[in-house]
Amino acid sequence: MSTGTVRIAAIQATPVILDAEASVSKALHLLNEASDQGVKLAVFPETFIPLYPSGAWAYQAARFDGFDEMWTRLWANSVDVPGPQIDRFIKACAEHDIYCVLGVNERESARPGSLYNTMILLGPEGLLWKHRKLMPTMHERLFHGVGYGQDLNVIDTPVGRVGGLICWENRMPLARYEIYRQGVQIWAAPTADDSEGWISTMSHIAIESGAFVVSAPQYIPRSAFPDDFPVQLPDDGKALGRGGAAIFEPLNGRAIAGPLYDQEGIVVADVDLGRSMTAKRIFDVVGHYSREDVLYPPAPTNHATDGPAFGSRTRPPLGN
């Protein structure tokens, strides 16, 4: 369990849409900029490379026709994990002594096909963790496969115990609980949600987890889309993601940096990891406040079937 103060950041930026190499170069520039500000852990938005399939336009893929070019370009500009683009980030992390959580569209070039909404943790040591989104949200299922769930891990790093979930996975109580059980101190939440409800969710998770929460949303202005974008976009001129990057503390769920809206920027906070222990003395959701003995007691036996009685509760299998 790490102690002391560490500088963390949520990087709110716009990808170079459908251009993996340019998006990687931009992300590396931003990582360098964060390092220059003394940041030791930076969190990028959901599927920053090379684009998030927004519900404002991606729902049209349900027609099955007219999205071949979109899919082909998205797959061609997604990344392999591990892979050469990821190696560039690892090299940058080593040069700047920094860690980063990065959201990508992940492909498997060895078996071309499905894409995954993936978040990865990188550091000077290399690729430390990869997590594929458990359940793509609504329209995302037209683009992304379903994660298998055995990668819900918290990684102990020199800057703290880092874990988290992608976007609306953060609404899944059992997924959150698995991360809580592993003693997370810094919770990374790459997202595309710019709603007030999302801010409330992040505040609640900070309190519930006893961890500092880093929310890194998309900022996607209409002007960011290239002229040859192969899908019709809304013509209202509004941004397809306003952002809202923020960092929350664990005692009261208060935003200590941000939220930042309607622009690119790096939201930074110095956090005392010892505050996590203070928060857990008051409320430890997997310790003295867990009551798994009550909520998931041993199931009584239904002798008629030699199985659990109807309506009984059994403790679900939560990872390793």
# chains A, B, ... in the order shown; residues from 1 in each chain; ligands from 1

call {"tool": "closest_atom_pairs", "arguments": {"of": "region 74-187 of chain A", "to": "region 235-254 of chain A", "cutoff": "12 Å", "atoms": "only C-alpha atoms", "output": "JSON lines"}}
result
{"residue": "A:Val184", "atom": "CA", "partner": "A:Pro250", "partner_atom": "CA", "distance": 11.4}
{"residue": "A:Gln185", "atom": "CA", "partner": "A:Pro250", "partner_atom": "CA", "distance": 9.3}
{"residue": "A:Ile186", "atom": "CA", "partner": "A:Glu249", "partner_atom": "CA", "distance": 9.8}
{"residue": "A:Trp187", "atom": "CA", "partner": "A:Phe248", "partner_atom": "CA", "distance": 9.5}

call {"tool": "residues_around", "arguments": {"residues": "Ala279 (chain A)", "least_positions_apart": "4", "cutoff": "8 Å", "atoms": "only C-alpha atoms", "output": "NGL selection string"}}
result
:A and (207 or 210 or 250-251 or 275 or 283-284)

call {"tool": "closest_residue", "arguments": {"among": "A:Val24, A:Leu74, A:Met277, A:Ala224", "to": "Gly113 (chain A)", "atoms": "only C-alpha atoms"}}
result
A:Leu74

call {"tool": "residues_around", "arguments": {"residues": "region 268-273 of chain A", "least_positions_apart": "5", "cutoff": "7 Å", "atoms": "only C-alpha atoms", "output": "JSON, numbers by chain"}}
result
{"A": [2, 3, 4, 5, 6, 7, 8, 9, 10, 185, 256, 257]}

call {"tool": "atom_distance", "arguments": {"atom1": "CA of Ile49 (chain A)", "atom2": "CA of Ile220 (chain A)"}}
result
12.8 Å

call {"tool": "select_by_dssp", "arguments": {"residues": "region 33-163 of chain A", "states": "strand (DSSP E)", "output": "ChimeraX atom specification"}}
result
/A:41-43,79-80,99-107,116-123,126-132,155-157,160-163

call {"tool": "residues_around", "arguments": {"residues": "Leu152 (chain A)", "least_positions_apart": "3", "cutoff": "8 Å", "atoms": "only C-alpha atoms", "output": "list of chain:residue names"}}
result
A:His131, A:Gly149, A:Ala175, A:Glu178, A:Ile179, A:Gly319

call {"tool": "atom_distance", "arguments": {"atom1": "CA of Phe225 (chain A)", "atom2": "CA of Asp19 (chain A)"}}
result
11.0 Å

call {"tool": "select_by_dssp", "arguments": {"residues": "region 89-264 of chain A", "states": "helix (DSSP H, G or I)", "output": "PyMOL selection string"}}
result
chain A and resi 89-96+138-142+167-171+173-181+196-209+222-224

call {"tool": "closest_residue", "arguments": {"among": "A:Arg222, A:Ser200, A:Val294, A:Gly66", "to": "Pro234 (chain A)", "atoms": "only C-alpha atoms"}}
result
A:Arg222

call {"tool": "closest_residue", "arguments": {"among": "A:Ala61, A:Ile86, A:Ile17, A:Val285", "to": "Arg73 (chain A)", "atoms": "only C-alpha atoms"}}
result
A:Ile17
